[in-house]
Structure formats: C-alpha cells, structure tokens
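Worksheet: the structure to be examined is printed underneath.
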Amino acid sequence: MGGVLPSGNRKNGRNLVTIVPKTTAIMVMIFLFQAFSPLEQGLLSGEFSMDYVIPEGHVRGRNIWWSPKARQRILALLEKWNALCEKYQCNRTALVTAWTCGYSRQMVVLAGGSQKKHIKDYIQGGSFVIEEKDQLEMSRQIEEAVKEILEPDEGEGSNRKKL
C-alpha cells in the first residue's frame with residue numbers, strides 16, 4: 001500500500017483522496033554548469049600581448065582562442081573593459097570571474113592558479129556582482145567577438161571544427 005494524500009476535491013460532503021503508490025518518488029534535479037579555466041589559459045587576464053610567443057608543443061598552441069586572429073580580437077575586447085575595471089575597482093581577472101559567475105544562477109566557476117595573486121583575483125571576482133546592464137553588454141560583446149573569430153577566413157573552412 002502507498003500513502004494517502006487529500007485531493008482537495010469534495011463529493012457528497014466527503015474529501016476524496018488520492019492513493020500514491022510506494023513506487024512514486026519525487027525527484028528534484030538541479031543542473032549546474034561548470035566553468036573550467038574561465039580565463040582561457042590566462043588569455044582573458046590581459047597579461048599576454050600579441051608579442052607573446054607560444055612555446056613549441058604548449059597546450060595554448062592547440063587552443064583556437066590563442067590563434068593570432070582570436071588573440072587580436074580578444075585583446076581588443078579586453079581594452080574596452082578597462083572602464084569596467086575602473087568602475088568595479090578590479091583587474092581583468094576579477095572582472096571576467098565576476099562576469100562568469102553572473103552568467104547563470106547555475107554557474108560554478110572552477111578557478112585555480114599557481115600564484116597567490118591569481119587566487120586573490122579569483123576571490124575578488126567572486127565577491128562582487130556586475131550590474132545587469134554591464135553583464136548584458138559584456139555578454140553581447142563576447143558573442144560578437146566569438147562569431148567574428150569563428151567566421152572562416154577567405155579560402156578556409158569553418159574554424160568551428162578546430163574547437
């Protein structure tokens with residue numbers, strides 16, 4: 001036998017009930033999204049310029065976001081965010097971390113670093129909330145940059161397959 005729950009309906013002055021079988025379970029699922037390497041191997045920290053040479057065999061050499069075309073576009077985007085860094089009194093690492101945290105209520109940011117400074121920057125980024133209008137504008141700018149980066153150059157196939 002299962003449980004008995006009142007149904008809230010009445011017939012002939014009596015409460016009707018609903019029989020709930022034992023096998024009925026209530027399941028709540030929560031989906032979380034995980035942001036791993038939210039600074040894209042340091043590119044979004046703003047600490048690397050176009051002059052940076054990726055060492056032979058380094059993982060960054062296989063990352064489309066570190067290609068010259070992408071890096072140039074991303075560095076230009078980071079320059080636009082200097083005013084936001086001033087507004088929120090933070091550096092680019094903290095700003096990107098705060099944006100990532102604010103991207104979704106189900107976002108979990110996995111951040112780490114080999115230097116104490118990097119950890120402090122991540123912590124700062126998790127300690128403030130970007131205003132909605134700034135969050136939306138950053139998202140728009142990112143979407144625009146990603147579309148531009150993923151567009152094939154003349155004579156090339158789509159960059160999407162490289163991701």
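The chains in the structure tokens are called A, B, ... from first to last as shown; in each chain the residues are counted from 1, and the ligands are counted from 1 in the order shown.
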
Skip A:Val129 itself and residues of its chain fewer than 4 positions away, then list as an MDAnalysis selection string all residues within 9 Å of it, counting only C-alpha atoms. chainID A and resid 98:99 101:102 125

Limited to C-alpha atoms, could you put the picked residues into a file as a PDB file, in the first residue's frame?
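Okay, again_11.pdb is ready:
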ATOM      1  CA  ALA A  98      32.515  38.112 -11.824  1.00  0.00           C
ATOM      2  CA  TRP A  99      31.001  38.037 -15.338  1.00  0.00           C
ATOM      3  CA  CYS A 101      29.667  33.897 -12.006  1.00  0.00           C
ATOM      4  CA  GLY A 102      26.857  36.186 -13.135  1.00  0.00           C
ATOM      5  CA  GLY A 125      35.817  38.326  -8.765  1.00  0.00           C
TER       6      GLY A 125
END

Residues near A:Tyr122, anyone? I mean within 12 Å using only C-alpha atoms, not counting same-chain ones fewer than 3 positions away, as an NGL selection string. :A and (37-39 or 45 or 90-101 or 109-113 or 115-119 or 125-128)

Limited to N, CA and C atoms, could you put the picked residues into a file as a PDB file, in the first residue's frame?
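Written output follows (selection_30.pdb):
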ATOM      1  N   SER A  37      38.652  26.712 -16.324  1.00  0.00           N
ATOM      2  CA  SER A  37      39.606  27.622 -16.968  1.00  0.00           C
ATOM      3  C   SER A  37      38.889  28.861 -17.514  1.00  0.00           C
ATOM      4  N   PRO A  38      38.186  29.587 -16.641  1.00  0.00           N
ATOM      5  CA  PRO A  38      37.406  30.735 -17.099  1.00  0.00           C
ATOM      6  C   PRO A  38      38.245  31.851 -17.723  1.00  0.00           C
ATOM      7  N   LEU A  39      39.540  31.835 -17.495  1.00  0.00           N
ATOM      8  CA  LEU A  39      40.393  32.859 -18.093  1.00  0.00           C
ATOM      9  C   LEU A  39      41.054  32.362 -19.375  1.00  0.00           C
ATOM     10  N   SER A  45      43.099  37.289 -18.807  1.00  0.00           N
ATOM     11  CA  SER A  45      43.670  38.064 -17.707  1.00  0.00           C
ATOM     12  C   SER A  45      44.258  39.375 -18.217  1.00  0.00           C
ATOM     13  N   CYS A  90      38.646  46.715  -9.976  1.00  0.00           N
ATOM     14  CA  CYS A  90      39.213  45.371 -10.052  1.00  0.00           C
ATOM     15  C   CYS A  90      40.096  45.260 -11.285  1.00  0.00           C
ATOM     16  N   ASN A  91      40.808  44.155 -11.382  1.00  0.00           N
ATOM     17  CA  ASN A  91      41.579  43.905 -12.597  1.00  0.00           C
ATOM     18  C   ASN A  91      40.758  43.015 -13.537  1.00  0.00           C
ATOM     19  N   ARG A  92      41.318  42.697 -14.689  1.00  0.00           N
ATOM     20  CA  ARG A  92      40.575  41.926 -15.693  1.00  0.00           C
ATOM     21  C   ARG A  92      40.234  40.516 -15.203  1.00  0.00           C
ATOM     22  N   THR A  93      41.128  39.907 -14.466  1.00  0.00           N
ATOM     23  CA  THR A  93      40.851  38.565 -13.942  1.00  0.00           C
ATOM     24  C   THR A  93      39.605  38.582 -13.068  1.00  0.00           C
ATOM     25  N   ALA A  94      39.521  39.530 -12.160  1.00  0.00           N
ATOM     26  CA  ALA A  94      38.357  39.630 -11.268  1.00  0.00           C
ATOM     27  C   ALA A  94      37.094  39.959 -12.061  1.00  0.00           C
ATOM     28  N   LEU A  95      37.213  40.845 -13.056  1.00  0.00           N
ATOM     29  CA  LEU A  95      36.053  41.216 -13.864  1.00  0.00           C
ATOM     30  C   LEU A  95      35.512  40.008 -14.636  1.00  0.00           C
ATOM     31  N   VAL A  96      36.393  39.260 -15.285  1.00  0.00           N
ATOM     32  CA  VAL A  96      35.969  38.078 -16.044  1.00  0.00           C
ATOM     33  C   VAL A  96      35.375  37.028 -15.108  1.00  0.00           C
ATOM     34  N   THR A  97      35.952  36.865 -13.942  1.00  0.00           N
ATOM     35  CA  THR A  97      35.421  35.909 -12.966  1.00  0.00           C
ATOM     36  C   THR A  97      34.024  36.332 -12.524  1.00  0.00           C
ATOM     37  N   ALA A  98      33.838  37.611 -12.237  1.00  0.00           N
ATOM     38  CA  ALA A  98      32.515  38.112 -11.824  1.00  0.00           C
ATOM     39  C   ALA A  98      31.500  37.940 -12.953  1.00  0.00           C
ATOM     40  N   TRP A  99      31.904  38.228 -14.193  1.00  0.00           N
ATOM     41  CA  TRP A  99      31.001  38.037 -15.338  1.00  0.00           C
ATOM     42  C   TRP A  99      30.610  36.560 -15.454  1.00  0.00           C
ATOM     43  N   THR A 100      31.580  35.672 -15.317  1.00  0.00           N
ATOM     44  CA  THR A 100      31.317  34.231 -15.427  1.00  0.00           C
ATOM     45  C   THR A 100      30.356  33.778 -14.337  1.00  0.00           C
ATOM     46  N   CYS A 101      30.576  34.239 -13.112  1.00  0.00           N
ATOM     47  CA  CYS A 101      29.667  33.897 -12.006  1.00  0.00           C
ATOM     48  C   CYS A 101      28.256  34.413 -12.274  1.00  0.00           C
ATOM     49  N   VAL A 109      32.157  28.205 -10.911  1.00  0.00           N
ATOM     50  CA  VAL A 109      33.431  28.570 -11.516  1.00  0.00           C
ATOM     51  C   VAL A 109      34.543  27.783 -10.826  1.00  0.00           C
ATOM     52  N   LEU A 110      35.250  26.982 -11.606  1.00  0.00           N
ATOM     53  CA  LEU A 110      36.420  26.264 -11.106  1.00  0.00           C
ATOM     54  C   LEU A 110      37.634  27.082 -11.485  1.00  0.00           C
ATOM     55  N   ALA A 111      38.230  27.703 -10.529  1.00  0.00           N
ATOM     56  CA  ALA A 111      39.362  28.576 -10.811  1.00  0.00           C
ATOM     57  C   ALA A 111      40.526  28.184  -9.919  1.00  0.00           C
ATOM     58  N   GLY A 112      41.679  28.266 -10.460  1.00  0.00           N
ATOM     59  CA  GLY A 112      42.864  27.944  -9.684  1.00  0.00           C
ATOM     60  C   GLY A 112      44.051  28.665 -10.273  1.00  0.00           C
ATOM     61  N   GLY A 113      45.122  28.641  -9.563  1.00  0.00           N
ATOM     62  CA  GLY A 113      46.319  29.299 -10.056  1.00  0.00           C
ATOM     63  C   GLY A 113      47.532  28.836  -9.279  1.00  0.00           C
ATOM     64  N   GLN A 115      49.924  30.984  -8.458  1.00  0.00           N
ATOM     65  CA  GLN A 115      50.421  32.117  -7.691  1.00  0.00           C
ATOM     66  C   GLN A 115      49.326  32.663  -6.775  1.00  0.00           C
ATOM     67  N   LYS A 116      49.738  33.100  -5.606  1.00  0.00           N
ATOM     68  CA  LYS A 116      48.800  33.642  -4.620  1.00  0.00           C
ATOM     69  C   LYS A 116      47.979  34.801  -5.205  1.00  0.00           C
ATOM     70  N   LYS A 117      48.604  35.629  -6.015  1.00  0.00           N
ATOM     71  CA  LYS A 117      47.933  36.774  -6.641  1.00  0.00           C
ATOM     72  C   LYS A 117      46.747  36.302  -7.482  1.00  0.00           C
ATOM     73  N   HIS A 118      46.920  35.238  -8.248  1.00  0.00           N
ATOM     74  CA  HIS A 118      45.832  34.731  -9.096  1.00  0.00           C
ATOM     75  C   HIS A 118      44.648  34.273  -8.254  1.00  0.00           C
ATOM     76  N   ILE A 119      44.928  33.596  -7.161  1.00  0.00           N
ATOM     77  CA  ILE A 119      43.860  33.118  -6.273  1.00  0.00           C
ATOM     78  C   ILE A 119      43.105  34.315  -5.690  1.00  0.00           C
ATOM     79  N   GLY A 125      36.838  38.443  -7.728  1.00  0.00           N
ATOM     80  CA  GLY A 125      35.817  38.326  -8.765  1.00  0.00           C
ATOM     81  C   GLY A 125      34.548  37.639  -8.285  1.00  0.00           C
ATOM     82  N   GLY A 126      34.684  36.768  -7.322  1.00  0.00           N
ATOM     83  CA  GLY A 126      33.517  36.101  -6.755  1.00  0.00           C
ATOM     84  C   GLY A 126      32.847  36.894  -5.650  1.00  0.00           C
ATOM     85  N   SER A 127      33.425  38.053  -5.309  1.00  0.00           N
ATOM     86  CA  SER A 127      32.906  38.812  -4.168  1.00  0.00           C
ATOM     87  C   SER A 127      32.044  40.006  -4.563  1.00  0.00           C
ATOM     88  N   PHE A 128      31.871  40.251  -5.857  1.00  0.00           N
ATOM     89  CA  PHE A 128      31.002  41.348  -6.270  1.00  0.00           C
ATOM     90  C   PHE A 128      30.145  40.905  -7.447  1.00  0.00           C
TER      91      PHE A 128
END

Write out as a ChimeraX atom specification which residues come within 10 Å of stretch 71-83 of chain A when counting only C-alpha atoms, dropping same-chain ones fewer than 2 positions away. /A:43-50,64-69,85-92,95-96,134,138,141-142,145-146,148-149

Expressed in Å to a single decimal, how great is the separation between atom CA of A:Leu84 and atom CA of A:Ile130?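 The value is 9.2 Å.
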
Suppose you want the space between atom CA of A:Gln106 and atom CA of A:Leu150; what is it in Å?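 One can read the atom CA of A:Gln106 to atom CA of A:Leu150 distance as 26.4 Å.
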
As an mmCIF file with N, CA, C and O atoms, in the first residue's frame, please: every residue in stretch 15-151 of chain A that DSSP puts in strand (DSSP E or B).
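Contents of the output file states.cif:
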data_model
loop_
_atom_site.group_PDB
_atom_site.id
_atom_site.type_symbol
_atom_site.label_atom_id
_atom_site.label_comp_id
_atom_site.auth_asym_id
_atom_site.auth_seq_id
_atom_site.Cartn_x
_atom_site.Cartn_y
_atom_site.Cartn_z
ATOM 1 N N ASN A 15 -14.233 14.340 1.708
ATOM 2 C CA ASN A 15 -12.996 14.563 0.971
ATOM 3 C C ASN A 15 -12.659 13.331 0.152
ATOM 4 O O ASN A 15 -12.784 12.202 0.633
ATOM 5 N N LEU A 16 -12.305 13.534 -1.076
ATOM 6 C CA LEU A 16 -11.786 12.444 -1.882
ATOM 7 C C LEU A 16 -10.283 12.387 -1.642
ATOM 8 O O LEU A 16 -9.636 13.390 -1.339
ATOM 9 N N VAL A 17 -9.702 11.247 -1.756
ATOM 10 C CA VAL A 17 -8.266 11.104 -1.539
ATOM 11 C C VAL A 17 -7.619 10.503 -2.773
ATOM 12 O O VAL A 17 -8.260 9.867 -3.592
ATOM 13 N N THR A 18 -6.344 10.711 -2.874
ATOM 14 C CA THR A 18 -5.565 10.137 -3.946
ATOM 15 C C THR A 18 -4.624 9.115 -3.325
ATOM 16 O O THR A 18 -3.949 9.406 -2.337
ATOM 17 N N ILE A 19 -4.587 7.942 -3.888
ATOM 18 C CA ILE A 19 -3.668 6.911 -3.417
ATOM 19 C C ILE A 19 -2.353 7.072 -4.181
ATOM 20 O O ILE A 19 -2.323 7.113 -5.404
ATOM 21 N N VAL A 20 -1.278 7.173 -3.451
ATOM 22 C CA VAL A 20 0.045 7.317 -4.051
ATOM 23 C C VAL A 20 0.793 6.009 -3.853
ATOM 24 O O VAL A 20 1.046 5.606 -2.719
ATOM 25 N N PHE A 33 26.243 24.304 -14.317
ATOM 26 C CA PHE A 33 27.209 24.433 -15.379
ATOM 27 C C PHE A 33 28.538 24.787 -14.739
ATOM 28 O O PHE A 33 28.596 25.564 -13.803
ATOM 29 N N GLN A 34 29.578 24.189 -15.254
ATOM 30 C CA GLN A 34 30.886 24.382 -14.666
ATOM 31 C C GLN A 34 31.769 25.143 -15.647
ATOM 32 O O GLN A 34 31.886 24.762 -16.812
ATOM 33 N N ALA A 35 32.349 26.219 -15.182
ATOM 34 C CA ALA A 35 33.287 26.985 -15.994
ATOM 35 C C ALA A 35 34.688 26.582 -15.566
ATOM 36 O O ALA A 35 35.147 26.928 -14.490
ATOM 37 N N PHE A 36 35.332 25.796 -16.412
ATOM 38 C CA PHE A 36 36.693 25.355 -16.141
ATOM 39 C C PHE A 36 37.632 26.232 -16.946
ATOM 40 O O PHE A 36 37.405 26.464 -18.128
ATOM 41 N N MET A 107 25.803 28.569 -12.463
ATOM 42 C CA MET A 107 27.211 28.521 -12.851
ATOM 43 C C MET A 107 28.098 28.277 -11.637
ATOM 44 O O MET A 107 27.956 28.925 -10.607
ATOM 45 N N VAL A 108 28.998 27.334 -11.796
ATOM 46 C CA VAL A 108 30.025 27.075 -10.799
ATOM 47 C C VAL A 108 31.354 27.349 -11.487
ATOM 48 O O VAL A 108 31.634 26.807 -12.549
ATOM 49 N N VAL A 109 32.157 28.205 -10.911
ATOM 50 C CA VAL A 109 33.431 28.570 -11.516
ATOM 51 C C VAL A 109 34.543 27.783 -10.826
ATOM 52 O O VAL A 109 34.720 27.895 -9.617
ATOM 53 N N LEU A 110 35.250 26.982 -11.606
ATOM 54 C CA LEU A 110 36.420 26.264 -11.106
ATOM 55 C C LEU A 110 37.634 27.082 -11.485
ATOM 56 O O LEU A 110 37.976 27.183 -12.658
#
